[in-house]
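First up is the structure itself, then whatever we jot down about it.
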There are 2 protein chains.
Amino acid sequence: MTIKDVAKKAQVSIATVSLVIHNNKRISEETKLKVNNAIKELNYHPSRSARGLVSQKTGNIGFILTENHFLRSEPFYTQIFLGAEFEAHNHEFYILLTTVPAIAKSKTKLPRFVLEKNVDGIIVAGTVPHKLVSLLDEHSLPIVYVDYYPEGKESSAVLIDNFGGGKEATEHLIQLHHRNIAFLGGDITHPSIKHRFDGFKWALDAHAIPFDNNNYIVDEVDTSRESGYKAAEKLLKINPGVTAIFACNDAMAFGAMQCVKDEGYSVPQDISIVGFDDVEIARTSDPELTTIAVPKQELGCEAVRLMNRLLESKTVTSHSVTVGIELIKRNSTAVKQ
Amino acid sequence: MTIKDVAKKAQVSIATVSLVIHNNKRISEETKLKVNNAIKELNYHPSRSARGLVSQKTGNIGFILTENHFLRSEPFYTQIFLGAEFEAHNHEFYILLTTVPAIAKSKTKLPRFVLEKNVDGIIVAGTVPHKLVSLLDEHSLPIVYVDYYPEGKESSAVLIDNFGGGKEATEHLIQLHHRNIAFLGGDITHPSIKHRFDGFKWALDAHAIPFDNNNYIVDEVDTSRESGYKAAEKLLKINPGVTAIFACNDAMAFGAMQCVKDEGYSVPQDISIVGFDDVEIARTSDPELTTIAVPKQELGCEAVRLMNRLLESKTVTSHSVTVGIELIKRNSTAVKQ
DNA sequence: AATTTTTAGTTAATCGTTTAACCTAATCTA
DNA sequence: TAGATTAGGTTAAACGATTAACTAAAAATT
């Protein structure tokens with residue numbers, strides 16, 4: 001079933017069929033009806049490949065993730081991806097997923113879908129090597145970054161309100177009368193963590209609580225559960241009087257929680273803990289974790305919407321969106337005893 | 001950068017370039033070198049659309065999921081999908097995902113990627129309306145079913161060893177000296193649940209334990225946590241002496257666990273519970289759930305492998321694979337007191 | 001030495017669309 | 001009423017590959 005068959009059946013030229021499909025005004029209502037009937041009867045649908053070849057539009061969006069984020073099937077980016085998939089449906093896009101090495105290899109290569117011109121735009125989720133960003137730029141495809149903003153150039157991005165999250169988490173603890181509050185982070189040079197810390201700091205300042213360097217543990221290698229455990233160990237050693245912890249993500253929060261328990265304290269009676277992300281198990285842990293919920297699926301969804309706008313408007317103006325966060329109060333925080 | 005540019009640069013015809021790309025033996029080593037150099041220098045990659053148009057191969061695989069499985073971002077099928085994505089890389093495939101209504105609508109439509117001839121084959125994950133299966137068949141594309149086997153025709157499928165899982169779960173309980181063992185299921189006409197039950201029954205028989213109808217609760221509407229709770233309620237009412245429960249999946253197992261606790265029993269001291277699936281939270285629940293691990297990512301991975309074989313061998317012989325399961329002993333089961 | 005076969009390419013048709021350029025008859029315009 | 005518009009199409013040239021059919025020169029066979 002090709003456009004030829006439709007043309008024959010409707011007794012018009014293939015050009016007419018194509019024009020009808022694109023709803024061109026030059027075609028009379030009468031002819032439109034004839035053609036549309038033929039299309040319906042033959043159950044005709046234009047071939048993607050043929051269409052793509054001539055129009056240089058594939059109807060596909062590329063989605064780039066770093067290997068570590070994909071491999072460990074980390075729920076966070078998986079959720080972003082699923083959100084994007086979902087919204088892609090509404091815009092009749094298909095998503096092609098690929099992973100790239102997290103650290104720049106000697107031979108940083110572009111994803112195959114870029115080289116083969118198989119996508120109309122690209123969504124990049126999470127922090128990727130800068131080398132890749134500059135390679136992508138050469139291809140002048142619309143790009144939307146998610147939870148990452150490449151330095152040195154205007155870009156379109158969907159970002160998390162990390163500052164607001166850090167602020168709300170901290171203010172929650174302050175409202176519970178905590179004053180000796182610690183921040184647990186991994187690599188503080190990572191923008192997300194940095195901003196969460198900035199929010200933390202801001203909240204302390206706003207309530208005239210002095211910042212204590214002993215309440216600032218950011219020398220772990222990553223933000224894993226193990227690092228959370230180790231960070232909490234250090235914290236309890238140098239500052240045994242701490243009554244509340246804001247961990248820069250849920251994984252570290254769980255690690256810290258484990259350590260605090262192991263050291264004989266109880267959560268939240270002795271020490272309150274707030275996380276960030278609201279991963280699945282925050283709902284089922286013991287105690288259930290108070291945390292900052294990041295609307296992960298919405299991040300992906302917004303990315304696709306933004307991409308759609310970029311593809312529709314020929315004037316590619318870069319634009320950023322920040323999605324809101326929400327404090328989820330559970331049982332790992334309580335009024336200071 | 002098209003094949004023309006390469007041809008010009010290498011001073012050969014475009015046909016020669018194409019033949020070199022396909023490693024045709026008719027081309028001399030010398031010319032091959034010339035062409036390959038030109039390809040490298042221009043960083044040329046054939047266009048997917050052009051290639052697809054003439055060769056009728058897209059390099060894409062369609063992945064069909066029912067809406068309910070996708071919407072609730074159910075980890076089970078998500079994991080299968082991710083496993084497929086991962087393996088797709090190794091075979092240079094891209095995966096196009098789509099969802100279909102779980103129950104046959106009046107107007108069951110084929111996925112767009114089928115109509116637009118945008119995939120070389122289709123993976124169907126989970127139970128889909130039969131109407132869809134027959135529609136798909138008309139297009140004579142290779143199809144691989146995952147965790148589902150359509151009745152009435154030979155198909156290629158990747159299946160879970162449900163029987164073996166039911167058997168192992170039950171034998172584990174028997175080895176712990178349990179004799180009064182209940183089966184909790186949802187819709188028993190669903191093949192997976194049926195087979196898990198068959199394994200349960202087989203294990204009882206093999207150890208000469210009579211099957212008691214009071215130990216067979218399968219009248220819940222679904223296999224959710226809530227249904228598990230309700231099923232356990234019924235069970236405890238009609239058979240208070242039960243010492244072990246085999247729930248047909250983890251969700252029901254958690255529901256049952258909650259009910260058992262609420263009724264004042266303790267797990268596993270009073271009642272042992274085994275689940276099926278090994279979802280993420282089975283690792284963190286209290287007590288941690290003994291369950292049958294299903295290698296979810298491997299299911300998706302095998303599906304892609306099978307698809308690859310179907311696409312390579314022109315003789316489309318349907319073939320089924322069963323992936324093994326594994327009993328994961330945790331703390332929800334113990335020796336009968 | 002004449003004929004056949006092999007080697008190493010090229011030419012040209014084709015895949016299924018889109019769309020600029022063209023055409024013709026009907027309708028306006030002055 | 002002649003010339004200019006407009007309406008409603010059609011023709012034909014792309015898009016960027018693949019591949020069957022062809023060709024010319026070199027090598028092998030008789």
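Just remember, in the structure tokens the first chain shown is A, the second B, etc., residues are 1-based per chain, and ligands are 1-based in the order shown.
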Exercise. Write out as an MDAnalysis selection string which residues come within 9 Å of B:Thr16 when counting only C-alpha atoms (C1' of nucleotides), dropping same-chain ones fewer than 2 positions away.
Key: (chainID B and resid 7 12:14 18:21 27 31:32 35) or (chainID C and resid 9:10)
Practice problem: Quick one: pick out all strand (DSSP E) residues within stretch 191-272 of chain B from a backbone DSSP run and write them as a list in words. | Solution: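 Residues of stretch 191-272 of chain B classed as strand (DSSP E): Tyr216, Ile217, Ala244, Ile245, Phe246, Ala247 and Ser272 of chain B.
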Exercise. Using only C-alpha atoms (C1' of nucleotides), determine which residues of chain D fall within 8 Å of chain B; present them as a PyMOL selection string.
Key: chain D and resi 15-18
Practice problem: Based on DSSP run over this structure's backbone, return all residues of stretch 56-285 of chain B in helix (DSSP H, G or I), as number ranges by chain. | Solution: B: 67-71, 75-90, 112-115, 130-138, 162-175, 191-206, 213-215, 225-238, 250-262, 280-283
For chain C against chain B, with a cut-off of 9 Å and counting only C-alpha atoms (C1' of nucleotides), what is the closest atom pair and its distance in Å to one decimal for every residue that makes the cut, ordered by chain and number, as a tab-separated table?
residue	atom	partner	partner_atom	distance
C:DT7	C1'	B:Arg26	CA	7.3
C:DA8	C1'	B:Ile27	CA	6.0
C:DG9	C1'	B:Thr16	CA	7.4
C:DT10	C1'	B:Ser13	CA	6.7
C:DT14	C1'	B:Val54	CA	7.5
C:DC15	C1'	B:Val54	CA	4.2
C:DG16	C1'	B:Leu53	CA	7.2
Can you spit out the residues from that selection as a CSV table (one decimal), in the first residue's frame, using all heavy atoms?
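Contents of again.csv, as written:
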chain,number,residue,atom,x,y,z
C,7,DT,P,37.6,-14.2,-10.1
C,7,DT,OP1,38.6,-14.7,-9.2
C,7,DT,OP2,36.2,-14.2,-9.8
C,7,DT,O5',38.0,-12.6,-10.4
C,7,DT,C5',39.2,-12.4,-11.1
C,7,DT,C4',39.3,-10.9,-11.4
C,7,DT,O4',38.5,-10.5,-12.5
C,7,DT,C3',38.9,-10.0,-10.2
C,7,DT,O3',39.8,-9.0,-10.0
C,7,DT,C2',37.5,-9.4,-10.7
C,7,DT,C1',37.8,-9.3,-12.2
C,7,DT,N1,36.5,-9.4,-13.1
C,7,DT,C2,36.5,-8.5,-14.1
C,7,DT,O2,37.3,-7.7,-14.4
C,7,DT,N3,35.4,-8.6,-14.9
C,7,DT,C4,34.3,-9.5,-14.7
C,7,DT,O4,33.4,-9.5,-15.5
C,7,DT,C5,34.4,-10.4,-13.6
C,7,DT,C7,33.4,-11.4,-13.3
C,7,DT,C6,35.5,-10.3,-12.8
C,8,DA,P,39.8,-8.1,-8.8
C,8,DA,OP1,41.2,-7.7,-8.4
C,8,DA,OP2,38.9,-8.7,-7.8
C,8,DA,O5',39.1,-6.8,-9.4
C,8,DA,C5',39.8,-6.0,-10.3
C,8,DA,C4',38.9,-4.9,-10.7
C,8,DA,O4',37.8,-5.4,-11.5
C,8,DA,C3',38.3,-4.1,-9.5
C,8,DA,O3',38.3,-2.7,-9.8
C,8,DA,C2',36.8,-4.6,-9.5
C,8,DA,C1',36.6,-4.8,-11.0
C,8,DA,N9,35.5,-5.6,-11.4
C,8,DA,C8,35.0,-6.7,-10.7
C,8,DA,N7,34.0,-7.3,-11.3
C,8,DA,C5,33.8,-6.6,-12.4
C,8,DA,C6,32.8,-6.6,-13.5
C,8,DA,N6,31.9,-7.6,-13.5
C,8,DA,N1,33.0,-5.8,-14.5
C,8,DA,C2,33.9,-4.8,-14.4
C,8,DA,N3,34.9,-4.6,-13.5
C,8,DA,C4,34.7,-5.5,-12.5
C,9,DG,P,38.2,-1.8,-8.6
C,9,DG,OP1,38.8,-0.5,-8.9
C,9,DG,OP2,38.5,-2.5,-7.3
C,9,DG,O5',36.6,-1.5,-8.5
C,9,DG,C5',36.1,-0.3,-8.9
C,9,DG,C4',35.6,-0.4,-10.4
C,9,DG,O4',35.1,-1.7,-10.7
C,9,DG,C3',34.3,0.4,-10.6
C,9,DG,O3',34.7,1.8,-10.9
C,9,DG,C2',33.6,-0.3,-11.7
C,9,DG,C1',34.2,-1.7,-11.7
C,9,DG,N9,33.1,-2.7,-11.4
C,9,DG,C8,33.1,-3.5,-10.3
C,9,DG,N7,32.1,-4.3,-10.3
C,9,DG,C5,31.4,-4.0,-11.5
C,9,DG,C6,30.3,-4.6,-12.1
C,9,DG,O6,29.6,-5.5,-11.7
C,9,DG,N1,30.0,-4.0,-13.3
C,9,DG,C2,30.7,-3.0,-13.9
C,9,DG,N2,30.2,-2.6,-15.1
C,9,DG,N3,31.8,-2.5,-13.4
C,9,DG,C4,32.1,-3.0,-12.2
C,10,DT,P,33.8,2.9,-10.7
C,10,DT,OP1,34.5,4.2,-11.0
C,10,DT,OP2,33.0,2.8,-9.5
C,10,DT,O5',32.7,2.7,-11.9
C,10,DT,C5',33.1,2.8,-13.3
C,10,DT,C4',31.9,2.7,-14.2
C,10,DT,O4',31.3,1.5,-14.0
C,10,DT,C3',30.8,3.8,-13.9
C,10,DT,O3',30.4,4.3,-15.2
C,10,DT,C2',29.7,3.0,-13.2
C,10,DT,C1',29.9,1.6,-13.8
C,10,DT,N1,29.5,0.5,-12.8
C,10,DT,C2,28.4,-0.3,-13.2
C,10,DT,O2,27.8,-0.2,-14.2
C,10,DT,N3,28.1,-1.2,-12.3
C,10,DT,C4,28.7,-1.5,-11.0
C,10,DT,O4,28.4,-2.4,-10.3
C,10,DT,C5,29.8,-0.6,-10.7
C,10,DT,C7,30.5,-0.7,-9.4
C,10,DT,C6,30.1,0.4,-11.6
C,14,DT,P,12.4,0.8,-12.9
C,14,DT,OP1,11.7,-0.4,-13.3
C,14,DT,OP2,12.1,2.1,-13.4
C,14,DT,O5',12.5,0.8,-11.3
C,14,DT,C5',13.2,-0.2,-10.6
C,14,DT,C4',13.3,0.2,-9.1
C,14,DT,O4',14.5,1.1,-9.0
C,14,DT,C3',12.2,0.9,-8.6
C,14,DT,O3',11.5,0.1,-7.6
C,14,DT,C2',12.8,2.1,-7.9
C,14,DT,C1',14.3,1.8,-7.9
C,14,DT,N1,15.2,3.0,-7.9
C,14,DT,C2,16.1,3.1,-7.0
C,14,DT,O2,16.3,2.3,-6.1
C,14,DT,N3,16.9,4.2,-7.1
C,14,DT,C4,16.8,5.2,-8.1
C,14,DT,O4,17.6,6.2,-8.1
C,14,DT,C5,15.8,5.0,-9.0
C,14,DT,C7,15.6,6.1,-10.1
C,14,DT,C6,15.0,3.9,-8.9
C,15,DC,P,10.0,0.4,-7.2
C,15,DC,OP1,9.2,-0.8,-7.5
C,15,DC,OP2,9.6,1.7,-7.8
C,15,DC,O5',10.1,0.6,-5.6
C,15,DC,C5',10.9,-0.2,-4.8
C,15,DC,C4',11.3,0.6,-3.6
C,15,DC,O4',12.4,1.4,-3.8
C,15,DC,C3',10.2,1.6,-3.2
C,15,DC,O3',9.4,1.0,-2.2
C,15,DC,C2',11.0,2.8,-2.6
C,15,DC,C1',12.4,2.6,-3.0
C,15,DC,N1,13.0,3.7,-3.8
C,15,DC,C2,14.2,4.2,-3.5
C,15,DC,O2,14.8,3.8,-2.5
C,15,DC,N3,14.7,5.2,-4.2
C,15,DC,C4,14.0,5.7,-5.3
C,15,DC,N4,14.6,6.7,-6.0
C,15,DC,C5,12.8,5.2,-5.7
C,15,DC,C6,12.3,4.2,-4.9
C,16,DG,P,7.8,1.1,-2.4
C,16,DG,OP1,7.1,0.1,-1.6
C,16,DG,OP2,7.5,1.2,-3.9
C,16,DG,O5',7.4,2.5,-1.8
C,16,DG,C5',7.7,2.8,-0.5
C,16,DG,C4',7.6,4.2,-0.2
C,16,DG,O4',8.5,5.0,-0.9
C,16,DG,C3',6.2,4.8,-0.6
C,16,DG,O3',5.7,5.6,0.5
C,16,DG,C2',6.5,5.6,-1.8
C,16,DG,C1',7.9,6.1,-1.5
C,16,DG,N9,8.7,6.5,-2.7
C,16,DG,C8,8.6,5.9,-3.9
C,16,DG,N7,9.5,6.5,-4.8
C,16,DG,C5,10.2,7.4,-4.0
C,16,DG,C6,11.2,8.3,-4.4
C,16,DG,O6,11.7,8.5,-5.5
C,16,DG,N1,11.6,9.1,-3.3
C,16,DG,C2,11.0,9.1,-2.0
C,16,DG,N2,11.5,9.9,-1.1
C,16,DG,N3,10.1,8.2,-1.7
C,16,DG,C4,9.7,7.5,-2.7
Practice problem: Using only C-alpha atoms, find which residues of chain B lie within 9 Å of chain A and jot them down as a ChimeraX atom specification. | Solution: /B:43-54,56,58,70-71,73,78-79,82,85-86,89,92,94-99,112-113,115-118,280-281,284-286
Go ahead and write the selection's residues with N, CA and C atoms as a compact mmCIF listing (two decimals), in the first residue's frame.
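See part34.txt below for the written result:
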# COMPACT_ATOMS: atom_id res chain seq x y z
N ASN B 43 33.99 11.74 7.49
CA ASN B 43 33.16 11.26 8.60
C ASN B 43 31.75 10.91 8.09
N TYR B 44 31.75 10.13 7.03
CA TYR B 44 30.47 9.81 6.39
C TYR B 44 29.77 8.63 7.07
N HIS B 45 28.47 8.77 7.23
CA HIS B 45 27.63 7.66 7.71
C HIS B 45 26.37 7.64 6.87
N PRO B 46 26.01 6.49 6.34
CA PRO B 46 24.82 6.41 5.48
C PRO B 46 23.58 6.88 6.21
N SER B 47 22.71 7.54 5.50
CA SER B 47 21.46 8.03 6.09
C SER B 47 20.50 6.86 6.32
N ARG B 48 19.94 6.82 7.53
CA ARG B 48 19.01 5.75 7.87
C ARG B 48 17.77 5.77 6.98
N SER B 49 17.28 6.96 6.74
CA SER B 49 16.05 7.06 5.96
C SER B 49 16.26 6.53 4.55
N ALA B 50 17.33 6.97 3.93
CA ALA B 50 17.61 6.55 2.55
C ALA B 50 17.80 5.04 2.51
N ARG B 51 18.59 4.57 3.43
CA ARG B 51 18.85 3.15 3.52
C ARG B 51 17.56 2.37 3.74
N GLY B 52 16.76 2.88 4.65
CA GLY B 52 15.51 2.21 4.97
C GLY B 52 14.58 2.16 3.78
N LEU B 53 14.56 3.23 3.04
CA LEU B 53 13.63 3.29 1.92
C LEU B 53 13.93 2.20 0.90
N VAL B 54 15.17 2.07 0.54
CA VAL B 54 15.48 1.11 -0.51
C VAL B 54 15.61 -0.32 0.00
N GLN B 56 14.23 -1.57 2.78
CA GLN B 56 13.07 -2.01 3.58
C GLN B 56 13.49 -2.57 4.93
N THR B 58 14.74 -1.05 8.70
CA THR B 58 14.84 0.22 9.42
C THR B 58 15.90 0.21 10.51
N PHE B 70 2.54 0.25 31.73
CA PHE B 70 3.47 1.37 31.57
C PHE B 70 3.10 2.51 32.51
N LEU B 71 1.82 2.81 32.56
CA LEU B 71 1.34 3.96 33.33
C LEU B 71 1.79 3.92 34.77
N SER B 73 4.03 2.73 35.85
CA SER B 73 5.49 2.57 35.79
C SER B 73 5.90 1.34 36.60
N THR B 78 9.06 -2.53 33.15
CA THR B 78 10.07 -1.52 32.90
C THR B 78 11.45 -2.16 32.85
N GLN B 79 11.68 -3.08 33.75
CA GLN B 79 12.97 -3.77 33.77
C GLN B 79 13.16 -4.60 32.50
N LEU B 82 14.11 -2.23 29.82
CA LEU B 82 15.49 -1.76 29.94
C LEU B 82 16.47 -2.85 29.52
N GLU B 85 16.50 -2.76 25.82
CA GLU B 85 17.24 -1.59 25.34
C GLU B 85 18.74 -1.89 25.37
N PHE B 86 19.15 -2.47 26.46
CA PHE B 86 20.56 -2.71 26.65
C PHE B 86 21.11 -3.65 25.59
N HIS B 89 21.48 -2.37 21.92
CA HIS B 89 22.74 -1.70 21.60
C HIS B 89 23.73 -2.64 20.94
N GLU B 92 23.04 -3.13 17.43
CA GLU B 92 22.81 -1.92 16.64
C GLU B 92 21.35 -1.75 16.24
N TYR B 94 17.65 0.11 17.36
CA TYR B 94 16.99 1.05 18.25
C TYR B 94 15.60 0.50 18.55
N ILE B 95 15.11 0.83 19.72
CA ILE B 95 13.80 0.32 20.12
C ILE B 95 12.80 1.46 20.15
N LEU B 96 11.67 1.24 19.49
CA LEU B 96 10.56 2.19 19.56
C LEU B 96 9.51 1.60 20.49
N LEU B 97 9.18 2.35 21.50
CA LEU B 97 8.24 1.86 22.51
C LEU B 97 6.84 2.40 22.24
N THR B 98 5.85 1.58 22.45
CA THR B 98 4.48 2.09 22.39
C THR B 98 3.63 1.33 23.38
N THR B 99 2.52 1.94 23.74
CA THR B 99 1.60 1.25 24.63
C THR B 99 0.29 1.04 23.91
N ARG B 112 1.57 2.88 15.48
CA ARG B 112 1.98 3.70 14.35
C ARG B 112 3.24 3.16 13.68
N PHE B 113 4.17 2.64 14.51
CA PHE B 113 5.43 2.19 13.88
C PHE B 113 5.23 0.99 12.97
N LEU B 115 2.30 0.61 11.07
CA LEU B 115 1.63 1.18 9.91
C LEU B 115 2.60 1.95 9.03
N GLU B 116 3.50 2.66 9.66
CA GLU B 116 4.44 3.49 8.90
C GLU B 116 5.68 2.71 8.48
N LYS B 117 5.65 1.41 8.70
CA LYS B 117 6.78 0.56 8.34
C LYS B 117 8.09 1.08 8.92
N ASN B 118 8.06 1.29 10.20
CA ASN B 118 9.22 1.88 10.86
C ASN B 118 9.94 0.90 11.77
N GLU B 280 12.15 -4.74 43.77
CA GLU B 280 13.17 -3.97 44.49
C GLU B 280 12.97 -3.99 46.01
N ILE B 281 11.75 -3.68 46.44
CA ILE B 281 11.54 -3.52 47.88
C ILE B 281 11.55 -4.84 48.65
N THR B 284 14.26 -4.64 51.04
CA THR B 284 14.28 -3.67 52.13
C THR B 284 13.08 -3.75 53.05
N SER B 285 12.15 -4.64 52.74
CA SER B 285 10.96 -4.73 53.58
C SER B 285 11.34 -5.34 54.94
N ASP B 286 10.39 -5.29 55.85
CA ASP B 286 10.66 -5.83 57.19
C ASP B 286 9.59 -6.86 57.54
Quiz prompt | Separation of atom CA of A:Leu289 from atom CA of A:Lys237, in Å and rounded to one decimal | solution = 23.4 Å
Exercise. State, in Å with one decimal place, the distance from atom CA of A:Ser318 to atom CA of A:Cys248.
Key: 29.1 Å
Quiz prompt | stretch 257-273 of chain A surroundings by only C-alpha atoms (C1' of nucleotides), 12 Å radius, close-in-sequence under 6 positions cut, as an MDAnalysis selection string | solution = chainID A and resid 169:170 172:174 176:184 225:237 240:251 282 285:292 329:337
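Interatomic distance, atom CA of B:Thr127 to atom CA of B:Thr315: 26.6 Å.
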I'd like the neighbourhood of D:DT6 as an mmCIF file with N, CA and C atoms (P, O5', C5', C4', C3', O3' and C1' of nucleotides), in the first residue's frame, where a residue qualifies if any of its atoms comes within 12 Å (using only C-alpha atoms (C1' of nucleotides)), though same-chain residues fewer than 3 positions away should be ignored.
data_model
loop_
_atom_site.group_PDB
_atom_site.id
_atom_site.type_symbol
_atom_site.label_atom_id
_atom_site.label_comp_id
_atom_site.auth_asym_id
_atom_site.auth_seq_id
_atom_site.Cartn_x
_atom_site.Cartn_y
_atom_site.Cartn_z
ATOM 1 N N ARG A 26 -5.078 24.167 -1.701
ATOM 2 C CA ARG A 26 -5.294 24.209 -3.152
ATOM 3 C C ARG A 26 -6.219 23.101 -3.636
ATOM 4 P P DT C 24 -1.523 23.296 -21.223
ATOM 5 O "O5'" DT C 24 -3.058 23.340 -20.804
ATOM 6 C "C5'" DT C 24 -3.576 22.309 -19.957
ATOM 7 C "C4'" DT C 24 -4.844 22.797 -19.312
ATOM 8 C "C3'" DT C 24 -5.692 23.726 -20.183
ATOM 9 O "O3'" DT C 24 -7.016 23.263 -20.131
ATOM 10 C "C1'" DT C 24 -5.366 24.684 -18.066
ATOM 11 P P DA C 25 -8.058 23.609 -21.308
ATOM 12 O "O5'" DA C 25 -9.342 24.025 -20.458
ATOM 13 C "C5'" DA C 25 -9.712 23.219 -19.329
ATOM 14 C "C4'" DA C 25 -10.342 24.103 -18.280
ATOM 15 C "C3'" DA C 25 -11.428 25.043 -18.813
ATOM 16 O "O3'" DA C 25 -12.556 24.909 -17.978
ATOM 17 C "C1'" DA C 25 -9.854 26.258 -17.553
ATOM 18 P P DA C 26 -13.924 25.629 -18.345
ATOM 19 O "O5'" DA C 26 -14.063 26.648 -17.122
ATOM 20 C "C5'" DA C 26 -13.949 26.139 -15.791
ATOM 21 C "C4'" DA C 26 -13.828 27.308 -14.839
ATOM 22 C "C3'" DA C 26 -14.889 28.382 -15.020
ATOM 23 O "O3'" DA C 26 -15.396 28.742 -13.740
ATOM 24 C "C1'" DA C 26 -12.739 29.358 -15.115
ATOM 25 P P DT C 27 -16.595 29.742 -13.599
ATOM 26 O "O5'" DT C 27 -15.858 31.059 -13.087
ATOM 27 C "C5'" DT C 27 -15.057 31.001 -11.910
ATOM 28 C "C4'" DT C 27 -14.334 32.324 -11.728
ATOM 29 C "C3'" DT C 27 -15.228 33.552 -11.787
ATOM 30 O "O3'" DT C 27 -14.972 34.352 -10.647
ATOM 31 C "C1'" DT C 27 -13.351 33.836 -13.178
ATOM 32 P P DC C 28 -15.991 35.482 -10.173
ATOM 33 O "O5'" DC C 28 -15.045 36.748 -10.153
ATOM 34 C "C5'" DC C 28 -14.124 36.881 -11.215
ATOM 35 C "C4'" DC C 28 -12.959 37.735 -10.802
ATOM 36 C "C3'" DC C 28 -13.293 39.211 -10.674
ATOM 37 O "O3'" DC C 28 -12.324 39.846 -9.873
ATOM 38 C "C1'" DC C 28 -12.125 38.792 -12.693
#
Quiz item: Using only C-alpha atoms (C1' of nucleotides), which residues sit within 12 Å of B:Asp137 once same-chain residues fewer than 6 positions away are excluded, as a VMD selection string?
Solution: chain B and resid 110 114 121 to 122 130 to 131 143 to 144 150 153 to 155
